[in-house]
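Have a look at upload-v6.cif below; it lists mmCIF, C-alpha atoms.
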```
data_final
loop_
_atom_site.label_atom_id
_atom_site.label_comp_id
_atom_site.auth_asym_id
_atom_site.auth_seq_id
_atom_site.Cartn_x
_atom_site.Cartn_y
_atom_site.Cartn_z
CA MET A 1 10.76 -104.70 84.06
CA CYS A 2 8.22 -107.31 85.10
CA LEU A 3 10.86 -110.03 84.74
CA TRP A 4 13.23 -108.15 87.08
CA VAL A 5 10.51 -107.83 89.70
CA ALA A 6 9.61 -111.51 89.39
CA THR A 7 13.22 -112.62 89.76
CA ALA A 8 13.68 -110.25 92.71
CA VAL A 9 10.72 -111.85 94.47
CA LEU A 10 12.11 -115.31 93.74
CA HIS A 11 15.52 -114.22 95.02
CA SER A 12 14.03 -113.01 98.27
CA ILE A 13 12.05 -116.23 98.74
CA ILE A 14 15.15 -118.35 98.08
CA ILE A 15 17.32 -116.24 100.37
CA TYR A 16 14.80 -116.32 103.19
CA PHE A 17 14.00 -120.02 103.12
CA LEU A 18 17.51 -121.32 102.41
CA SER A 19 19.20 -119.12 104.98
CA SER A 20 16.59 -119.91 107.63
CA LYS A 21 16.92 -123.63 106.87
CA ILE A 22 20.72 -123.51 107.07
CA LEU A 23 20.67 -121.44 110.24
CA SER A 24 18.03 -123.45 112.00
CA ASN A 25 18.76 -126.38 114.23
CA PRO A 26 16.47 -128.43 116.48
CA ASN A 27 16.20 -125.39 118.76
CA ALA A 28 14.63 -122.94 116.32
CA GLY A 29 16.23 -119.54 116.08
CA GLU A 30 19.53 -120.57 117.63
CA ILE A 31 22.83 -120.58 115.80
CA LEU A 32 25.65 -122.96 116.70
CA SER A 33 29.02 -121.22 116.69
CA ILE A 34 32.33 -122.84 115.81
CA ASP A 35 33.25 -123.43 119.46
CA GLY A 36 29.97 -125.22 120.18
CA VAL A 37 28.20 -122.34 121.89
CA ILE A 38 24.56 -121.93 120.95
CA THR A 39 23.65 -118.30 120.42
CA ASP A 40 20.05 -117.19 120.45
CA SER A 41 19.70 -113.98 118.52
CA LEU A 42 17.32 -112.69 115.93
CA PHE A 43 19.94 -110.16 114.88
CA LEU A 44 22.50 -112.87 114.16
CA GLY A 45 20.21 -114.59 111.67
CA GLY A 46 19.19 -111.23 110.24
CA THR A 47 22.82 -110.22 109.78
CA ILE A 48 23.59 -113.42 107.91
CA THR A 49 20.48 -113.05 105.75
CA ASN A 50 21.43 -109.44 105.03
CA PHE A 51 24.84 -110.57 103.80
CA MET A 52 23.16 -113.13 101.54
CA CYS A 53 21.18 -110.24 100.00
CA VAL A 54 24.37 -108.23 99.47
CA MET A 55 26.09 -111.20 97.82
CA THR A 56 23.07 -111.95 95.61
CA VAL A 57 22.84 -108.35 94.42
CA ASN A 58 26.57 -108.32 93.64
CA LEU A 59 26.34 -111.59 91.71
CA LYS A 60 23.32 -110.36 89.75
CA PHE A 61 25.17 -107.13 89.04
CA ALA A 62 28.17 -109.13 87.80
CA LEU A 63 25.97 -111.33 85.65
CA HIS A 64 24.30 -108.41 83.89
CA THR A 65 27.39 -106.23 83.48
CA LEU A 66 28.30 -106.01 79.80
CA TYR A 67 31.60 -104.12 79.99
CA TRP A 68 33.88 -104.72 82.94
CA THR A 69 36.19 -101.98 84.10
CA LYS A 70 38.55 -101.69 87.04
CA LEU A 71 36.05 -99.36 88.69
CA THR A 72 33.21 -101.89 88.36
CA ALA A 73 35.23 -104.74 89.80
CA SER A 74 36.66 -102.64 92.61
CA PHE A 75 33.24 -101.39 93.72
CA MET A 76 31.87 -104.92 93.77
CA PHE A 77 34.79 -106.06 95.90
CA LEU A 78 34.64 -102.98 98.14
CA THR A 79 30.93 -103.53 98.81
CA ILE A 80 31.67 -106.89 100.38
CA VAL A 81 34.72 -105.59 102.27
CA PHE A 82 32.72 -102.64 103.58
CA TRP A 83 29.97 -104.97 104.80
CA PHE A 84 32.48 -107.04 106.80
CA PHE A 85 34.11 -103.88 108.13
CA PHE A 86 30.78 -102.32 109.12
CA VAL A 87 29.45 -105.42 110.88
CA GLY A 88 32.77 -106.00 112.62
CA ILE A 89 33.00 -102.45 113.96
CA TYR A 90 29.32 -101.81 114.63
CA SER A 91 28.84 -105.04 116.56
CA LEU A 92 31.53 -103.91 119.03
CA MET A 93 29.77 -100.66 119.86
CA ILE A 94 27.57 -101.63 122.78
CA GLY A 95 26.59 -98.02 123.49
CA ILE A 96 24.90 -97.59 120.09
CA SER A 97 22.98 -100.83 119.70
CA PHE A 98 22.60 -103.33 122.51
CA ASP A 99 20.77 -105.79 120.27
CA PHE A 100 23.44 -105.82 117.58
CA PHE A 101 26.31 -106.24 120.04
CA GLY A 102 28.33 -109.35 119.21
CA CYS A 103 26.77 -110.05 115.82
CA ALA A 104 30.24 -110.34 114.31
CA ILE A 105 30.37 -113.77 115.94
CA SER A 106 28.18 -114.93 113.06
CA MET A 107 31.29 -114.80 110.88
CA THR A 108 32.83 -117.58 112.97
CA THR A 109 29.99 -120.02 112.34
CA ALA A 110 30.14 -122.76 109.75
CA ALA A 111 26.56 -121.92 108.85
CA PHE A 112 27.62 -118.41 107.78
CA TRP A 113 30.31 -119.64 105.40
CA LEU A 114 28.11 -122.42 104.06
CA SER A 115 25.26 -120.04 103.41
CA MET A 116 27.67 -117.49 101.92
CA LEU A 117 28.56 -120.01 99.21
CA LEU A 118 25.26 -121.79 98.75
CA VAL A 119 22.46 -119.23 99.02
CA PRO A 120 23.57 -116.45 96.60
CA PHE A 121 24.63 -118.87 93.89
CA THR A 122 21.35 -120.76 94.20
CA ALA A 123 19.39 -117.51 93.96
CA VAL A 124 21.34 -116.32 90.91
CA MET A 125 20.81 -119.65 89.13
CA ILE A 126 17.34 -118.34 88.27
CA ASP A 127 18.94 -115.44 86.39
CA ILE A 128 21.37 -117.74 84.62
CA CYS A 129 18.52 -119.96 83.43
CA VAL A 130 16.41 -117.00 82.31
CA LEU A 131 19.36 -115.42 80.48
CA TYR A 132 20.08 -118.72 78.76
CA LEU A 133 16.49 -119.07 77.59
CA TYR A 134 16.26 -115.49 76.37
CA ARG A 135 19.64 -115.36 74.64
CA PHE A 136 19.47 -118.71 72.88
CA TYR A 137 15.78 -119.22 72.18
CA PHE A 138 14.28 -115.71 72.16
CA PRO A 139 17.18 -113.37 71.31
CA ALA A 140 16.58 -109.66 71.06
CA GLU A 141 17.98 -107.66 68.18
CA GLU A 142 20.71 -106.19 70.38
CA HIS A 143 21.91 -109.69 71.32
CA LEU A 144 22.12 -110.70 67.67
CA LEU A 145 24.01 -107.50 66.79
CA ARG A 146 26.38 -107.98 69.72
CA GLU A 147 27.10 -111.53 68.58
CA LEU A 148 27.75 -110.37 65.02
CA GLU A 149 30.05 -107.64 66.29
CA HIS A 150 31.93 -110.15 68.45
CA LYS A 151 32.37 -112.52 65.53
CA ALA A 152 33.51 -109.69 63.26
CA THR A 153 36.13 -108.43 65.69
CA ASN A 154 37.48 -111.95 66.14
CA LYS A 155 37.69 -112.37 62.34
CA ARG A 156 35.80 -115.63 62.45
CA ILE A 157 33.33 -114.47 59.79
CA LEU A 158 33.27 -111.65 57.29
CA LEU A 159 30.38 -109.27 57.41
CA PRO A 160 29.03 -108.19 54.04
CA THR A 161 30.55 -104.80 53.27
CA PRO A 162 31.37 -103.03 50.01
CA GLN A 163 35.10 -103.34 50.80
CA ASN A 164 35.21 -107.14 50.84
CA GLY A 165 32.81 -107.57 47.91
CA LEU A 166 30.28 -109.71 49.69
CA ARG A 167 26.66 -109.07 48.81
CA ARG A 168 23.60 -109.62 50.93
#
```
Kindly transcribe the structure held in the file into structure tokens.
Amino acid sequence: MCLWVATAVLHSIIIYFLSSKILSNPNAGEILSIDGVITDSLFLGGTITNFMCVMTVNLKFALHTLYWTKLTASFMFLTIVFWFFFVGIYSLMIGISFDFFGCAISMTTAAFWLSMLLVPFTAVMIDICVLYLYRFYFPAEEHLLRELEHKATNKRILLPTPQNGLRR
């Protein structure tokens, strides 16, 4: 539990600093769109940072999922699609939120697509390193049993059972 909290704090630090570094230019707080227009909006940067959180959570979920099903994969995909749909529709509703109006323009910036690729994968690299260390150098009993089960189902080794005559 403590490890999950520590990695969550590190994820949030990485997401915040990398996305703010990618989104910043000499005029702090402004985002350059694809057509060269500089937009000054706190909500634009917040929307992009929010998407980096959604992507990081989905990647961490994918990394820790043991058994993939169609339902698991579809919900991961639908989470991202729903985010795009929500931001696209909600940013057009000027009567509901004047501050959020036009935030869908963030999807046309190069900074958005760069940060979409770079930030979540950088944040999840912490989990990959921690999983590598724990699985290969400090394996739990369940990891060892899962590896033995995997090897037994692939017929690479024979487990000692009374049927095959192998003794412990």
### Query
Of the candidates A:Thr56, A:Thr47, A:Thr153, A:Thr72, which one gets nearest to Leu117 (chain A) if we count all atoms listed in the file?
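Looking only at the distances to Leu117 (chain A), the closest residue turns out to be A:Thr56.
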### Message
I need the output of the PyMOL selection byres ((chain A and resi 53) around 10) for this file as a PyMOL selection string; which residues are they?
### Response
chain A and resi 11-12+15-16+47-52+54-59+116+119-120+123
Those residues with C-alpha atoms, as an mmCIF file, keeping the file's coordinate frame please?
```
data_model
loop_
_atom_site.group_PDB
_atom_site.id
_atom_site.type_symbol
_atom_site.label_atom_id
_atom_site.label_comp_id
_atom_site.auth_asym_id
_atom_site.auth_seq_id
_atom_site.Cartn_x
_atom_site.Cartn_y
_atom_site.Cartn_z
ATOM 1 C CA HIS A 11 15.520 -114.220 95.020
ATOM 2 C CA SER A 12 14.030 -113.010 98.270
ATOM 3 C CA ILE A 15 17.320 -116.240 100.370
ATOM 4 C CA TYR A 16 14.800 -116.320 103.190
ATOM 5 C CA THR A 47 22.820 -110.220 109.780
ATOM 6 C CA ILE A 48 23.590 -113.420 107.910
ATOM 7 C CA THR A 49 20.480 -113.050 105.750
ATOM 8 C CA ASN A 50 21.430 -109.440 105.030
ATOM 9 C CA PHE A 51 24.840 -110.570 103.800
ATOM 10 C CA MET A 52 23.160 -113.130 101.540
ATOM 11 C CA VAL A 54 24.370 -108.230 99.470
ATOM 12 C CA MET A 55 26.090 -111.200 97.820
ATOM 13 C CA THR A 56 23.070 -111.950 95.610
ATOM 14 C CA VAL A 57 22.840 -108.350 94.420
ATOM 15 C CA ASN A 58 26.570 -108.320 93.640
ATOM 16 C CA LEU A 59 26.340 -111.590 91.710
ATOM 17 C CA MET A 116 27.670 -117.490 101.920
ATOM 18 C CA VAL A 119 22.460 -119.230 99.020
ATOM 19 C CA PRO A 120 23.570 -116.450 96.600
ATOM 20 C CA ALA A 123 19.390 -117.510 93.960
#
```
### Query
Exactly which residues make up the result of the PyMOL selection byres ((chain A and resi 125) around 12) on this file, given as a PyMOL selection string?
chain A and resi 7+10-11+14+56+59-60+63+118-124+126-132
### Message
I'd like the interatomic distance between CA of Ser19 (chain A) and CA of Val87 (chain A), to a tenth of an Å.
### Response
18.1 Å
### Message
To one decimal place in Å, what is the distance between CA of Leu133 (chain A) and CA of Ser115 (chain A)?
### Response
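Answer for the CA of Leu133 (chain A) to CA of Ser115 (chain A) separation: 27.3 Å.
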#### Entry: A:Leu114, A:Ala140, A:Ala152, A:Leu3 ranked by distance to Leu23 (chain A), top pick (using all atoms listed in the file)
A:Leu114
#### Entry: Nearest-residue call for Ser91 (chain A), choices A:Leu18, A:Met1, A:Leu44, A:Ala62, using all atoms listed in the file
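Counting all atoms listed in the file, the residue closest to Ser91 (chain A) is A:Leu44.
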### Task
Grab the CA of Phe77 (chain A) to CA of Phe61 (chain A) distance for me, in Å with one decimal place.
11.9 Å
### Message
Using all atoms listed in the file, which protein or nucleic acid residues come within 10 Å of Met107 (chain A)? Drop anything in the same chain fewer than 2 positions from it, and give the result as a count of residues only.
### Response
16
Take region 111-122 of chain A, model all heavy atoms, and hand the result over as a compact mmCIF listing (two decimals), in the coordinates of the input.
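The resulting file, out-v7.txt, is reproduced below:
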```
# COMPACT_ATOMS: atom_id res chain seq x y z
N ALA A 111 27.79 -122.21 109.57
CA ALA A 111 26.56 -121.92 108.85
C ALA A 111 26.70 -120.64 108.02
O ALA A 111 26.16 -120.55 106.92
CB ALA A 111 25.39 -121.78 109.83
N PHE A 112 27.41 -119.66 108.52
CA PHE A 112 27.62 -118.41 107.78
C PHE A 112 28.38 -118.68 106.49
O PHE A 112 27.98 -118.24 105.42
CB PHE A 112 28.37 -117.40 108.64
CG PHE A 112 28.75 -116.15 107.90
CD1 PHE A 112 27.80 -115.18 107.66
CD2 PHE A 112 30.03 -115.96 107.43
CE1 PHE A 112 28.13 -114.02 106.97
CE2 PHE A 112 30.38 -114.81 106.75
CZ PHE A 112 29.42 -113.84 106.51
N TRP A 113 29.48 -119.40 106.58
CA TRP A 113 30.31 -119.64 105.40
C TRP A 113 29.62 -120.59 104.42
O TRP A 113 29.76 -120.44 103.21
CB TRP A 113 31.68 -120.15 105.82
CG TRP A 113 32.39 -119.11 106.62
CD1 TRP A 113 32.59 -119.11 107.97
CD2 TRP A 113 32.95 -117.88 106.14
NE1 TRP A 113 33.25 -117.97 108.35
CE2 TRP A 113 33.48 -117.20 107.25
CE3 TRP A 113 33.04 -117.30 104.89
CZ2 TRP A 113 34.10 -115.96 107.14
CZ3 TRP A 113 33.67 -116.07 104.78
CH2 TRP A 113 34.19 -115.41 105.89
N LEU A 114 28.88 -121.54 104.94
CA LEU A 114 28.11 -122.42 104.06
C LEU A 114 27.04 -121.64 103.32
O LEU A 114 26.88 -121.78 102.10
CB LEU A 114 27.47 -123.56 104.86
CG LEU A 114 26.54 -124.48 104.09
CD1 LEU A 114 27.33 -125.28 103.06
CD2 LEU A 114 25.81 -125.40 105.03
N SER A 115 26.31 -120.81 104.06
CA SER A 115 25.26 -120.04 103.41
C SER A 115 25.84 -118.97 102.49
O SER A 115 25.21 -118.60 101.50
CB SER A 115 24.34 -119.40 104.45
OG SER A 115 25.05 -118.55 105.30
N MET A 116 27.04 -118.47 102.79
CA MET A 116 27.67 -117.49 101.92
C MET A 116 27.97 -118.09 100.54
O MET A 116 27.88 -117.40 99.53
CB MET A 116 28.98 -116.97 102.54
CG MET A 116 29.60 -115.85 101.74
SD MET A 116 31.12 -115.27 102.46
CE MET A 116 32.31 -116.20 101.54
N LEU A 117 28.29 -119.36 100.49
CA LEU A 117 28.56 -120.01 99.21
C LEU A 117 27.29 -120.52 98.54
O LEU A 117 27.12 -120.39 97.33
CB LEU A 117 29.52 -121.18 99.42
CG LEU A 117 30.93 -120.82 99.88
CD1 LEU A 117 31.71 -122.08 100.19
CD2 LEU A 117 31.63 -120.00 98.82
N LEU A 118 26.40 -121.09 99.32
CA LEU A 118 25.26 -121.79 98.75
C LEU A 118 24.10 -120.87 98.35
O LEU A 118 23.59 -120.96 97.23
CB LEU A 118 24.76 -122.83 99.75
CG LEU A 118 23.57 -123.67 99.32
CD1 LEU A 118 23.98 -124.60 98.20
CD2 LEU A 118 23.01 -124.45 100.49
N VAL A 119 23.70 -120.00 99.22
CA VAL A 119 22.46 -119.23 99.02
C VAL A 119 22.54 -118.25 97.84
O VAL A 119 21.67 -118.28 96.96
CB VAL A 119 22.05 -118.52 100.33
CG1 VAL A 119 20.86 -117.63 100.11
CG2 VAL A 119 21.76 -119.55 101.41
N PRO A 120 23.55 -117.38 97.75
CA PRO A 120 23.57 -116.45 96.60
C PRO A 120 23.68 -117.13 95.25
O PRO A 120 23.03 -116.73 94.28
CB PRO A 120 24.79 -115.56 96.87
CG PRO A 120 25.05 -115.69 98.30
CD PRO A 120 24.63 -117.07 98.68
N PHE A 121 24.49 -118.19 95.18
CA PHE A 121 24.63 -118.87 93.89
C PHE A 121 23.35 -119.60 93.51
O PHE A 121 23.00 -119.67 92.33
CB PHE A 121 25.82 -119.83 93.92
CG PHE A 121 27.13 -119.11 93.93
CD1 PHE A 121 27.91 -119.09 95.07
CD2 PHE A 121 27.58 -118.45 92.81
CE1 PHE A 121 29.12 -118.41 95.08
CE2 PHE A 121 28.78 -117.76 92.81
CZ PHE A 121 29.55 -117.75 93.95
N THR A 122 22.64 -120.13 94.49
CA THR A 122 21.35 -120.76 94.20
C THR A 122 20.34 -119.73 93.73
O THR A 122 19.57 -119.97 92.79
CB THR A 122 20.82 -121.48 95.46
OG1 THR A 122 21.81 -122.39 95.92
CG2 THR A 122 19.55 -122.22 95.18
```
